[in-house]
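What follows is the content of work-v4.pdb (PDB, C-alpha atoms, pLDDT in the B column).
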ATOM      1  CA  ARG A   1     109.524 104.571 122.228  1.00 94.00           C
ATOM      2  CA  ALA A   2     112.004 102.359 120.387  1.00 95.00           C
ATOM      3  CA  ALA A   3     110.579 103.674 117.096  1.00 95.00           C
ATOM      4  CA  LEU A   4     111.254 107.261 118.173  1.00 96.00           C
ATOM      5  CA  GLU A   5     114.763 106.449 119.365  1.00 96.00           C
ATOM      6  CA  SER A   6     115.445 104.595 116.090  1.00 97.00           C
ATOM      7  CA  VAL A   7     114.639 107.548 113.839  1.00 96.00           C
ATOM      8  CA  LYS A   8     116.897 109.703 116.001  1.00 96.00           C
ATOM      9  CA  ARG A   9     119.771 107.242 115.572  1.00 97.00           C
ATOM     10  CA  LEU A  10     119.120 107.209 111.818  1.00 97.00           C
ATOM     11  CA  ASN A  11     119.035 111.017 111.828  1.00 97.00           C
ATOM     12  CA  TRP A  12     115.763 110.907 109.894  1.00 96.00           C
ATOM     13  CA  ALA A  13     113.171 113.290 111.297  1.00 95.00           C
ATOM     14  CA  PRO A  14     109.700 112.284 110.065  1.00 97.00           C
ATOM     15  CA  ASP A  15     107.153 114.951 109.175  1.00 97.00           C
ATOM     16  CA  ILE A  16     104.293 112.660 110.190  1.00 98.00           C
ATOM     17  CA  ILE A  17     104.232 109.502 112.267  1.00 98.00           C
ATOM     18  CA  HIS A  18     101.140 107.422 111.480  1.00 98.00           C
ATOM     19  CA  VAL A  19     100.192 105.117 114.361  1.00 98.00           C
ATOM     20  CA  HIS A  20      97.547 102.400 114.315  1.00 97.00           C
ATOM     21  CA  ASP A  21      95.335 101.308 117.211  1.00 97.00           C
ATOM     22  CA  TRP A  22      96.378 100.926 120.837  1.00 97.00           C
ATOM     23  CA  HIS A  23      99.616  99.055 120.138  1.00 96.00           C
ATOM     24  CA  THR A  24     101.385 102.216 118.951  1.00 97.00           C
ATOM     25  CA  ALA A  25      99.126 104.838 120.508  1.00 97.00           C
ATOM     26  CA  LEU A  26     101.700 105.909 123.105  1.00 97.00           C
ATOM     27  CA  ILE A  27     103.866 107.487 120.375  1.00 98.00           C
ATOM     28  CA  PRO A  28     101.762 110.699 120.275  1.00 98.00           C
ATOM     29  CA  VAL A  29     101.940 110.761 124.084  1.00 98.00           C
ATOM     30  CA  TYR A  30     105.730 110.456 124.011  1.00 97.00           C
ATOM     31  CA  LEU A  31     106.002 113.201 121.371  1.00 97.00           C
ATOM     32  CA  LYS A  32     103.950 115.651 123.442  1.00 96.00           C
ATOM     33  CA  SER A  33     105.581 114.828 126.789  1.00 95.00           C
ATOM     34  CA  LEU A  34     108.881 112.950 126.981  1.00 94.00           C
ATOM     35  CA  TYR A  35     110.200 114.397 123.681  1.00 96.00           C
ATOM     36  CA  ARG A  36     108.406 117.746 123.944  1.00 93.00           C
ATOM     37  CA  GLY A  37     111.608 119.766 124.241  1.00 92.00           C
ATOM     38  CA  ASP A  38     113.653 117.666 121.797  1.00 96.00           C
ATOM     39  CA  PRO A  39     114.592 119.861 118.796  1.00 96.00           C
ATOM     40  CA  PHE A  40     114.838 116.738 116.618  1.00 97.00           C
ATOM     41  CA  PHE A  41     111.048 116.321 116.705  1.00 97.00           C
ATOM     42  CA  THR A  42     110.112 120.024 116.464  1.00 95.00           C
ATOM     43  CA  LYS A  43     108.361 119.548 113.093  1.00 96.00           C
ATOM     44  CA  THR A  44     107.039 116.011 113.673  1.00 97.00           C
ATOM     45  CA  HIS A  45     103.276 115.527 113.919  1.00 98.00           C
ATOM     46  CA  SER A  46     101.251 112.412 114.640  1.00 98.00           C
ATOM     47  CA  VAL A  47      98.155 110.791 113.135  1.00 98.00           C
ATOM     48  CA  LEU A  48      96.306 108.040 115.008  1.00 98.00           C
ATOM     49  CA  THR A  49      94.085 105.671 113.026  1.00 97.00           C
ATOM     50  CA  ILE A  50      91.494 103.708 114.996  1.00 97.00           C
ATOM     51  CA  HIS A  51      90.500 100.483 113.268  1.00 93.00           C
ATOM     52  CA  ASN A  52      88.529  99.057 116.186  1.00 90.00           C
ATOM     53  CA  GLN A  53      87.637 101.092 119.244  1.00 92.00           C
ATOM     54  CA  ALA A  54      86.939  97.960 121.309  1.00 91.00           C
ATOM     55  CA  TYR A  55      90.653  97.159 121.658  1.00 93.00           C
ATOM     56  CA  GLN A  56      92.262  99.803 123.843  1.00 96.00           C
ATOM     57  CA  GLY A  57      95.343  98.494 125.649  1.00 96.00           C
ATOM     58  CA  ARG A  58      94.190  98.816 129.254  1.00 97.00           C
ATOM     59  CA  PHE A  59      96.669  98.126 132.049  1.00 96.00           C
ATOM     60  CA  SER A  60      96.899  98.684 135.789  1.00 95.00           C
ATOM     61  CA  GLU A  61      98.475 101.766 137.354  1.00 94.00           C
ATOM     62  CA  ASN A  62     101.265  99.519 138.661  1.00 94.00           C
ATOM     63  CA  GLU A  63     102.467  99.056 135.074  1.00 94.00           C
ATOM     64  CA  PHE A  64     102.557 102.777 134.295  1.00 94.00           C
ATOM     65  CA  ARG A  65     106.240 103.074 135.291  1.00 93.00           C
ATOM     66  CA  MET A  66     107.161 100.668 132.457  1.00 94.00           C
ATOM     67  CA  THR A  67     106.153 103.300 129.905  1.00 94.00           C
ATOM     68  CA  GLY A  68     108.860 105.699 131.067  1.00 93.00           C
ATOM     69  CA  LEU A  69     106.308 108.500 130.994  1.00 94.00           C
ATOM     70  CA  SER A  70     106.113 111.254 133.580  1.00 92.00           C
ATOM     71  CA  ARG A  71     103.250 111.283 136.078  1.00 92.00           C
ATOM     72  CA  GLU A  72     102.203 114.581 134.494  1.00 94.00           C
ATOM     73  CA  VAL A  73     100.245 112.581 131.866  1.00 95.00           C
ATOM     74  CA  PHE A  74      98.538 110.320 134.412  1.00 95.00           C
ATOM     75  CA  HIS A  75      95.195 112.121 134.636  1.00 94.00           C
ATOM     76  CA  PRO A  76      91.765 111.856 132.923  1.00 93.00           C
ATOM     77  CA  GLU A  77      92.832 114.179 130.076  1.00 93.00           C
ATOM     78  CA  GLY A  78      95.937 112.032 129.559  1.00 95.00           C
ATOM     79  CA  VAL A  79      96.323 108.251 129.803  1.00 96.00           C
ATOM     80  CA  GLU A  80      94.476 107.589 133.082  1.00 96.00           C
ATOM     81  CA  PHE A  81      91.357 105.434 132.765  1.00 96.00           C
ATOM     82  CA  HIS A  82      89.399 104.265 135.807  1.00 93.00           C
ATOM     83  CA  THR A  83      92.553 104.309 137.983  1.00 92.00           C
ATOM     84  CA  GLY A  84      94.533 102.374 135.358  1.00 95.00           C
ATOM     85  CA  ILE A  85      96.130 103.334 132.049  1.00 97.00           C
ATOM     86  CA  ASN A  86      94.629 103.192 128.567  1.00 97.00           C
ATOM     87  CA  PHE A  87      96.980 103.394 125.576  1.00 98.00           C
ATOM     88  CA  LEU A  88      94.263 104.235 123.049  1.00 98.00           C
ATOM     89  CA  LYS A  89      92.878 107.003 125.233  1.00 98.00           C
ATOM     90  CA  GLY A  90      96.361 108.486 125.449  1.00 97.00           C
ATOM     91  CA  GLY A  91      96.685 108.420 121.665  1.00 97.00           C
ATOM     92  CA  ILE A  92      93.291 110.094 121.238  1.00 98.00           C
ATOM     93  CA  ASN A  93      94.184 112.850 123.700  1.00 97.00           C
ATOM     94  CA  PHE A  94      97.651 113.587 122.314  1.00 98.00           C
ATOM     95  CA  ALA A  95      97.577 112.864 118.547  1.00 98.00           C
ATOM     96  CA  ASP A  96      97.516 115.874 116.236  1.00 98.00           C
ATOM     97  CA  ARG A  97      94.921 114.198 114.000  1.00 98.00           C
ATOM     98  CA  ILE A  98      92.690 111.138 114.419  1.00 98.00           C
ATOM     99  CA  THR A  99      91.257 109.075 111.571  1.00 98.00           C
ATOM    100  CA  THR A 100      89.132 105.980 111.378  1.00 96.00           C
ATOM    101  CA  VAL A 101      87.949 103.541 108.727  1.00 92.00           C
ATOM    102  CA  SER A 102      84.781 105.317 107.531  1.00 93.00           C
ATOM    103  CA  PRO A 103      82.830 108.535 108.074  1.00 95.00           C
ATOM    104  CA  ARG A 104      80.042 106.514 109.686  1.00 94.00           C
ATOM    105  CA  TYR A 105      82.361 104.770 112.148  1.00 93.00           C
ATOM    106  CA  ALA A 106      83.793 108.152 113.085  1.00 96.00           C
ATOM    107  CA  ARG A 107      80.277 109.180 114.113  1.00 96.00           C
ATOM    108  CA  GLU A 108      79.417 105.863 115.795  1.00 95.00           C
ATOM    109  CA  ILE A 109      82.431 105.810 118.126  1.00 95.00           C
ATOM    110  CA  GLN A 110      81.361 109.175 119.520  1.00 96.00           C
ATOM    111  CA  GLU A 111      78.167 107.583 120.860  1.00 95.00           C
ATOM    112  CA  PRO A 112      77.825 105.273 123.905  1.00 94.00           C
ATOM    113  CA  GLU A 113      76.694 102.198 121.946  1.00 91.00           C
ATOM    114  CA  LEU A 114      79.978 101.787 120.050  1.00 90.00           C
ATOM    115  CA  GLY A 115      82.145 104.248 121.944  1.00 93.00           C
ATOM    116  CA  GLU A 116      83.429 101.561 124.339  1.00 94.00           C
ATOM    117  CA  MET A 117      83.572 104.144 127.190  1.00 95.00           C
ATOM    118  CA  LEU A 118      85.754 106.504 125.133  1.00 96.00           C
ATOM    119  CA  ASP A 119      82.926 108.265 123.282  1.00 96.00           C
ATOM    120  CA  GLY A 120      83.234 111.357 125.485  1.00 95.00           C
ATOM    121  CA  VAL A 121      86.991 111.520 124.919  1.00 96.00           C
ATOM    122  CA  LEU A 122      86.470 111.439 121.152  1.00 97.00           C
ATOM    123  CA  LYS A 123      83.712 114.041 121.299  1.00 96.00           C
ATOM    124  CA  ASN A 124      86.182 116.353 122.998  1.00 96.00           C
ATOM    125  CA  ARG A 125      88.530 115.903 120.026  1.00 96.00           C
ATOM    126  CA  ALA A 126      85.874 115.809 117.298  1.00 96.00           C
ATOM    127  CA  GLN A 127      87.456 118.806 115.567  1.00 97.00           C
ATOM    128  CA  VAL A 128      90.508 116.693 114.609  1.00 97.00           C
ATOM    129  CA  LEU A 129      88.635 113.418 113.933  1.00 98.00           C
ATOM    130  CA  SER A 130      87.975 112.291 110.344  1.00 97.00           C
ATOM    131  CA  GLY A 131      86.477 109.147 108.850  1.00 96.00           C
ATOM    132  CA  ILE A 132      88.205 107.947 105.664  1.00 94.00           C
ATOM    133  CA  LEU A 133      86.513 105.039 103.915  1.00 91.00           C
ATOM    134  CA  ASN A 134      88.647 101.901 103.710  1.00 84.00           C
ATOM    135  CA  GLY A 135      89.665 100.967 100.194  1.00 83.00           C
ATOM    136  CA  ILE A 136      91.637  98.294  98.368  1.00 83.00           C
ATOM    137  CA  ASP A 137      95.046  98.213  96.742  1.00 88.00           C
ATOM    138  CA  PRO A 138      94.191  97.966  93.023  1.00 88.00           C
ATOM    139  CA  GLU A 139      97.621  96.511  92.298  1.00 89.00           C
ATOM    140  CA  LEU A 140      96.890  93.512  94.545  1.00 92.00           C
ATOM    141  CA  TRP A 141      93.172  93.033  93.838  1.00 93.00           C
ATOM    142  CA  ASN A 142      92.809  93.806  90.131  1.00 95.00           C
ATOM    143  CA  PRO A 143      91.226  90.698  88.529  1.00 96.00           C
ATOM    144  CA  GLU A 144      92.756  91.626  85.166  1.00 96.00           C
ATOM    145  CA  LYS A 145      96.239  90.782  86.470  1.00 95.00           C
ATOM    146  CA  ASP A 146      95.863  89.087  89.875  1.00 96.00           C
ATOM    147  CA  PRO A 147      98.405  86.198  89.906  1.00 95.00           C
ATOM    148  CA  LEU A 148      96.528  84.427  92.730  1.00 96.00           C
ATOM    149  CA  ILE A 149      93.383  83.644  90.716  1.00 97.00           C
ATOM    150  CA  PRO A 150      93.271  80.906  88.040  1.00 97.00           C
ATOM    151  CA  TYR A 151      91.504  82.994  85.369  1.00 97.00           C
ATOM    152  CA  ARG A 152      91.625  86.731  84.697  1.00 97.00           C
ATOM    153  CA  PHE A 153      88.637  88.874  83.817  1.00 97.00           C
ATOM    154  CA  SER A 154      87.547  92.493  83.377  1.00 95.00           C
ATOM    155  CA  ARG A 155      84.330  94.487  83.417  1.00 92.00           C
ATOM    156  CA  ASP A 156      84.182  94.064  79.617  1.00 95.00           C
ATOM    157  CA  ASN A 157      84.832  90.313  79.608  1.00 94.00           C
ATOM    158  CA  LEU A 158      83.470  88.381  82.581  1.00 93.00           C
ATOM    159  CA  SER A 159      84.034  84.880  81.195  1.00 93.00           C
ATOM    160  CA  GLY A 160      87.027  84.435  83.483  1.00 96.00           C
ATOM    161  CA  LYS A 161      84.842  85.237  86.496  1.00 97.00           C
ATOM    162  CA  ALA A 162      82.468  82.396  85.637  1.00 96.00           C
ATOM    163  CA  ARG A 163      85.445  80.034  85.482  1.00 97.00           C
ATOM    164  CA  CYS A 164      86.754  81.360  88.826  1.00 98.00           C
ATOM    165  CA  LYS A 165      83.326  80.664  90.298  1.00 98.00           C
ATOM    166  CA  ALA A 166      83.475  77.055  89.091  1.00 98.00           C
ATOM    167  CA  GLU A 167      86.987  76.667  90.543  1.00 98.00           C
ATOM    168  CA  LEU A 168      85.795  78.069  93.861  1.00 98.00           C
ATOM    169  CA  GLN A 169      82.930  75.584  93.957  1.00 98.00           C
ATOM    170  CA  LYS A 170      85.292  72.688  93.175  1.00 98.00           C
ATOM    171  CA  LEU A 171      87.846  73.768  95.778  1.00 97.00           C
ATOM    172  CA  CYS A 172      85.163  74.056  98.451  1.00 97.00           C
ATOM    173  CA  GLY A 173      83.492  70.757  97.587  1.00 97.00           C
ATOM    174  CA  LEU A 174      80.305  72.501  96.520  1.00 97.00           C
ATOM    175  CA  PRO A 175      78.210  71.346  93.532  1.00 97.00           C
ATOM    176  CA  VAL A 176      79.396  73.145  90.390  1.00 97.00           C
ATOM    177  CA  ARG A 177      76.156  74.900  89.488  1.00 96.00           C
ATOM    178  CA  PRO A 178      76.680  78.164  87.593  1.00 96.00           C
ATOM    179  CA  GLU A 179      73.065  79.261  88.139  1.00 97.00           C
ATOM    180  CA  VAL A 180      73.332  79.195  91.955  1.00 97.00           C
ATOM    181  CA  PRO A 181      74.534  82.461  93.525  1.00 98.00           C
ATOM    182  CA  ILE A 182      77.598  82.237  95.788  1.00 98.00           C
ATOM    183  CA  LEU A 183      77.787  84.567  98.774  1.00 98.00           C
ATOM    184  CA  GLY A 184      81.353  85.137  99.947  1.00 98.00           C
ATOM    185  CA  MET A 185      82.527  86.493 103.287  1.00 97.00           C
ATOM    186  CA  ILE A 186      86.079  87.100 104.524  1.00 96.00           C
ATOM    187  CA  THR A 187      86.095  88.507 108.019  1.00 94.00           C
ATOM    188  CA  ARG A 188      87.319  88.421 111.559  1.00 91.00           C
ATOM    189  CA  LEU A 189      84.721  86.545 113.569  1.00 93.00           C
ATOM    190  CA  ALA A 190      83.842  89.343 115.975  1.00 87.00           C
ATOM    191  CA  GLU A 191      80.537  91.054 116.633  1.00 84.00           C
ATOM    192  CA  GLN A 192      81.931  94.381 115.441  1.00 79.00           C
ATOM    193  CA  LYS A 193      82.207  92.743 112.012  1.00 86.00           C
ATOM    194  CA  GLY A 194      78.566  91.630 112.059  1.00 89.00           C
ATOM    195  CA  ILE A 195      79.084  87.874 112.378  1.00 93.00           C
ATOM    196  CA  ASN A 196      76.234  87.761 114.908  1.00 93.00           C
ATOM    197  CA  LEU A 197      73.929  89.175 112.215  1.00 94.00           C
ATOM    198  CA  VAL A 198      75.005  86.415 109.824  1.00 95.00           C
ATOM    199  CA  ARG A 199      74.347  83.769 112.486  1.00 95.00           C
ATOM    200  CA  GLU A 200      70.840  85.148 113.030  1.00 96.00           C
ATOM    201  CA  ILE A 201      69.856  84.690 109.387  1.00 96.00           C
ATOM    202  CA  LEU A 202      71.965  81.614 108.551  1.00 96.00           C
ATOM    203  CA  PRO A 203      69.171  79.026 109.148  1.00 95.00           C
ATOM    204  CA  TRP A 204      66.880  81.003 106.825  1.00 97.00           C
ATOM    205  CA  LEU A 205      69.688  81.562 104.327  1.00 96.00           C
ATOM    206  CA  LEU A 206      70.432  77.845 104.075  1.00 96.00           C
ATOM    207  CA  HIS A 207      66.810  77.200 103.107  1.00 96.00           C
ATOM    208  CA  GLN A 208      67.387  79.273  99.959  1.00 97.00           C
ATOM    209  CA  ASP A 209      69.001  77.966  96.790  1.00 97.00           C
ATOM    210  CA  ILE A 210      72.377  79.580  97.472  1.00 97.00           C
ATOM    211  CA  GLN A 211      75.934  78.642  98.361  1.00 98.00           C
ATOM    212  CA  LEU A 212      77.941  80.395 101.072  1.00 98.00           C
ATOM    213  CA  VAL A 213      81.742  80.453 101.358  1.00 98.00           C
ATOM    214  CA  MET A 214      83.216  81.923 104.541  1.00 97.00           C
ATOM    215  CA  LEU A 215      86.836  82.482 105.556  1.00 97.00           C
ATOM    216  CA  GLY A 216      87.915  83.907 108.898  1.00 95.00           C
ATOM    217  CA  GLN A 217      89.238  83.442 112.398  1.00 94.00           C
ATOM    218  CA  GLY A 218      88.122  84.946 115.675  1.00 93.00           C
ATOM    219  CA  ASP A 219      85.790  84.091 118.524  1.00 92.00           C
ATOM    220  CA  LEU A 220      85.964  80.330 119.115  1.00 95.00           C
ATOM    221  CA  SER A 221      82.212  80.022 119.632  1.00 95.00           C
ATOM    222  CA  HIS A 222      81.630  81.470 116.142  1.00 96.00           C
ATOM    223  CA  GLN A 223      84.332  79.248 114.635  1.00 96.00           C
ATOM    224  CA  GLU A 224      82.846  76.122 116.200  1.00 96.00           C
ATOM    225  CA  TYR A 225      79.325  77.072 115.127  1.00 96.00           C
ATOM    226  CA  LEU A 226      80.335  77.634 111.499  1.00 97.00           C
ATOM    227  CA  ALA A 227      82.442  74.467 111.391  1.00 96.00           C
ATOM    228  CA  ARG A 228      79.549  72.409 112.787  1.00 96.00           C
ATOM    229  CA  THR A 229      76.969  74.009 110.509  1.00 97.00           C
ATOM    230  CA  SER A 230      79.141  73.513 107.433  1.00 96.00           C
ATOM    231  CA  LEU A 231      79.308  69.760 108.155  1.00 96.00           C
ATOM    232  CA  GLU A 232      75.518  69.697 108.283  1.00 96.00           C
ATOM    233  CA  HIS A 233      75.206  71.552 104.948  1.00 97.00           C
ATOM    234  CA  LEU A 234      78.076  70.246 102.830  1.00 96.00           C
ATOM    235  CA  GLU A 235      76.424  71.208  99.546  1.00 96.00           C
ATOM    236  CA  GLN A 236      75.716  74.786 100.577  1.00 97.00           C
ATOM    237  CA  LEU A 237      78.172  76.047 103.179  1.00 98.00           C
ATOM    238  CA  TYR A 238      81.958  75.977 103.188  1.00 98.00           C
ATOM    239  CA  TYR A 239      83.882  77.464 106.109  1.00 97.00           C
ATOM    240  CA  SER A 240      87.625  77.666 106.746  1.00 97.00           C
ATOM    241  CA  SER A 241      89.366  79.209 109.757  1.00 95.00           C
ATOM    242  CA  ALA A 242      92.856  78.888 108.225  1.00 90.00           C
ATOM    243  CA  PHE A 243      94.658  82.001 107.013  1.00 89.00           C
ATOM    244  CA  ASN A 244      94.627  81.462 103.254  1.00 93.00           C
ATOM    245  CA  ASN A 245      95.412  84.427 101.023  1.00 95.00           C
ATOM    246  CA  PRO A 246      94.952  82.581  97.682  1.00 96.00           C
ATOM    247  CA  LEU A 247      91.511  81.403  98.843  1.00 97.00           C
ATOM    248  CA  ALA A 248      90.634  84.977  99.859  1.00 97.00           C
ATOM    249  CA  HIS A 249      91.434  86.141  96.331  1.00 97.00           C
ATOM    250  CA  LEU A 250      89.464  83.274  94.785  1.00 98.00           C
ATOM    251  CA  ILE A 251      86.425  84.087  96.959  1.00 98.00           C
ATOM    252  CA  GLU A 252      86.553  87.707  95.797  1.00 96.00           C
ATOM    253  CA  ALA A 253      86.900  86.592  92.187  1.00 97.00           C
ATOM    254  CA  GLY A 254      84.321  83.796  92.206  1.00 97.00           C
ATOM    255  CA  ALA A 255      81.551  85.046  94.503  1.00 98.00           C
ATOM    256  CA  ASP A 256      78.427  86.681  93.074  1.00 97.00           C
ATOM    257  CA  PHE A 257      77.762  88.607  96.289  1.00 97.00           C
ATOM    258  CA  PHE A 258      80.102  89.730  99.040  1.00 95.00           C
ATOM    259  CA  LEU A 259      78.981  90.023 102.677  1.00 93.00           C
ATOM    260  CA  MET A 260      80.728  92.671 104.759  1.00 87.00           C
TER
END
Output the file's structure in the form of structure tokens.
Amino acid sequence: RAALESVKRLNWAPDIIHVHDWHTALIPVYLKSLYRGDPFFTKTHSVLTIHNQAYQGRFSENEFRMTGLSREVFHPEGVEFHTGINFLKGGINFADRITTVSPRYAREIQEPELGEMLDGVLKNRAQVLSGILNGIDPELWNPEKDPLIPYRFSRDNLSGKARCKAELQKLCGLPVRPEVPILGMITRLAEQKGINLVREILPWLLHQDIQLVMLGQGDLSHQEYLARTSLEHLEQLYYSSAFNNPLAHLIEAGADFFLM
């Protein structure tokens, strides 16, 4: 609501307000209810992007008054969810368009397995739901000019990549063996990201002649497992839970394979 009041004070009427996940998902609700008759927002539309359907912003009915919304939106086609309130559900019901991080995920969240109890709500709005595949910013991740990697390279000259691989091995305390493939993974340690699948095959994987470099935070049980396993396989597995952007770039530059 503060965002909407701010643009009014600035006298800057946005054409589109792009909101992400549950944290900002009440903005479409405000636009279609509290600010419905406000001429300032007559031409303003909203787009909600869902990055992870599992996180929804669920609160009790007692906290509804804190939103400043009218009771007219407290119903199953609004923000009501099992007698409480659900920010993401509100965004889905009131946004003009809904996008998510891939065409496949757009289909998956309309089914019970990954719908997290909102699959029916999304099916009702399927006509305005689109999946747009996540991409990268080529200005930040171009190995020909990335300032965060020690050696540059291109598709036509990969010698710098081999040197990045050696630097990655040194930094991670792994044997510098150019012939051994490095698998890199940068992820949030949550099941939606497939970390459970990695754990299932990790014992088998560590019996192969490979090296694995992993970077990510998340579920403590996954963090503890990877930290413990890395100590048992110092010459094959390196794991760090610290946020480290230069290391993320070096993993991308030096790894032979990327797990995602």
For Ala126 (chain A), list every protein, DNA or RNA residue within 10 Å, evaluated using only C-alpha atoms, and leave out those in the same chain fewer than 4 positions away; present the list as a ChimeraX atom specification.
/A:97-98,106-107,110,120-122,130
Could you jot down the CA of Gln56 (chain A) to CA of Ala25 (chain A) separation for me, Å, one decimal place?
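Here the two named atoms are 9.1 Å from each other.
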Using the chain letters and numbers from this file, what does the PyMOL selection byres ((chain A and resi 151) around 9) select? Give the answer as an NGL selection string.
:A and (143-144 or 146-147 or 149-150 or 152-153 or 159-161 or 163-164 or 253)
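Atom pair CA of Ser60 (chain A) / CA of Ile85 (chain A): separated by 6.0 Å.
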At a cut-off of 9 Å, using only C-alpha atoms, what residues contact Phe40 (chain A)? Leave out same-chain residues fewer than 5 positions from it and give the result as a ChimeraX atom specification.
/A:8,11-13,35
CA of Thr99 (chain A) and CA of Thr49 (chain A), how far apart in Å?
4.7 Å
Of the listed residues A:Glu139, A:Lys43, A:Leu168, A:Tyr30, that which approaches Glu5 (chain A) most closely, counting only C-alpha atoms:
A:Tyr30
Output as a short mmCIF file (atom, residue, chain, number, x, y, z; two decimals), in the frame of the given file: region 25-36 of chain A, completed with N, CA, C and O atoms.
data_model
loop_
_atom_site.label_atom_id
_atom_site.label_comp_id
_atom_site.auth_asym_id
_atom_site.auth_seq_id
_atom_site.Cartn_x
_atom_site.Cartn_y
_atom_site.Cartn_z
N ALA A 25 99.78 103.57 120.16
CA ALA A 25 99.13 104.84 120.51
C ALA A 25 99.88 105.66 121.55
O ALA A 25 99.53 106.83 121.77
N LEU A 26 100.92 105.10 122.17
CA LEU A 26 101.70 105.91 123.10
C LEU A 26 102.67 106.85 122.39
O LEU A 26 103.18 107.78 123.00
N ILE A 27 102.92 106.62 121.10
CA ILE A 27 103.87 107.49 120.38
C ILE A 27 103.43 108.96 120.42
O ILE A 27 104.25 109.84 120.72
N PRO A 28 102.16 109.29 120.14
CA PRO A 28 101.76 110.70 120.28
C PRO A 28 101.94 111.22 121.70
O PRO A 28 102.27 112.41 121.89
N VAL A 29 101.75 110.35 122.69
CA VAL A 29 101.94 110.76 124.08
C VAL A 29 103.41 111.08 124.33
O VAL A 29 103.75 112.11 124.93
N TYR A 30 104.30 110.20 123.87
CA TYR A 30 105.73 110.46 124.01
C TYR A 30 106.13 111.77 123.34
O TYR A 30 106.89 112.57 123.90
N LEU A 31 105.62 112.00 122.12
CA LEU A 31 106.00 113.20 121.37
C LEU A 31 105.60 114.47 122.11
O LEU A 31 106.33 115.47 122.09
N LYS A 32 104.45 114.45 122.78
CA LYS A 32 103.95 115.65 123.44
C LYS A 32 104.42 115.77 124.90
O LYS A 32 104.11 116.76 125.55
N SER A 33 105.14 114.76 125.40
CA SER A 33 105.58 114.83 126.79
C SER A 33 107.08 114.56 126.89
O SER A 33 107.88 115.48 127.02
N LEU A 34 107.48 113.33 126.79
CA LEU A 34 108.88 112.95 126.98
C LEU A 34 109.82 113.64 125.99
O LEU A 34 110.93 114.03 126.32
N TYR A 35 109.36 113.80 124.73
CA TYR A 35 110.20 114.40 123.68
C TYR A 35 109.76 115.83 123.35
O TYR A 35 110.16 116.37 122.32
N ARG A 36 108.97 116.42 124.22
CA ARG A 36 108.41 117.75 123.94
C ARG A 36 109.48 118.79 123.68
O ARG A 36 109.35 119.63 122.79
#
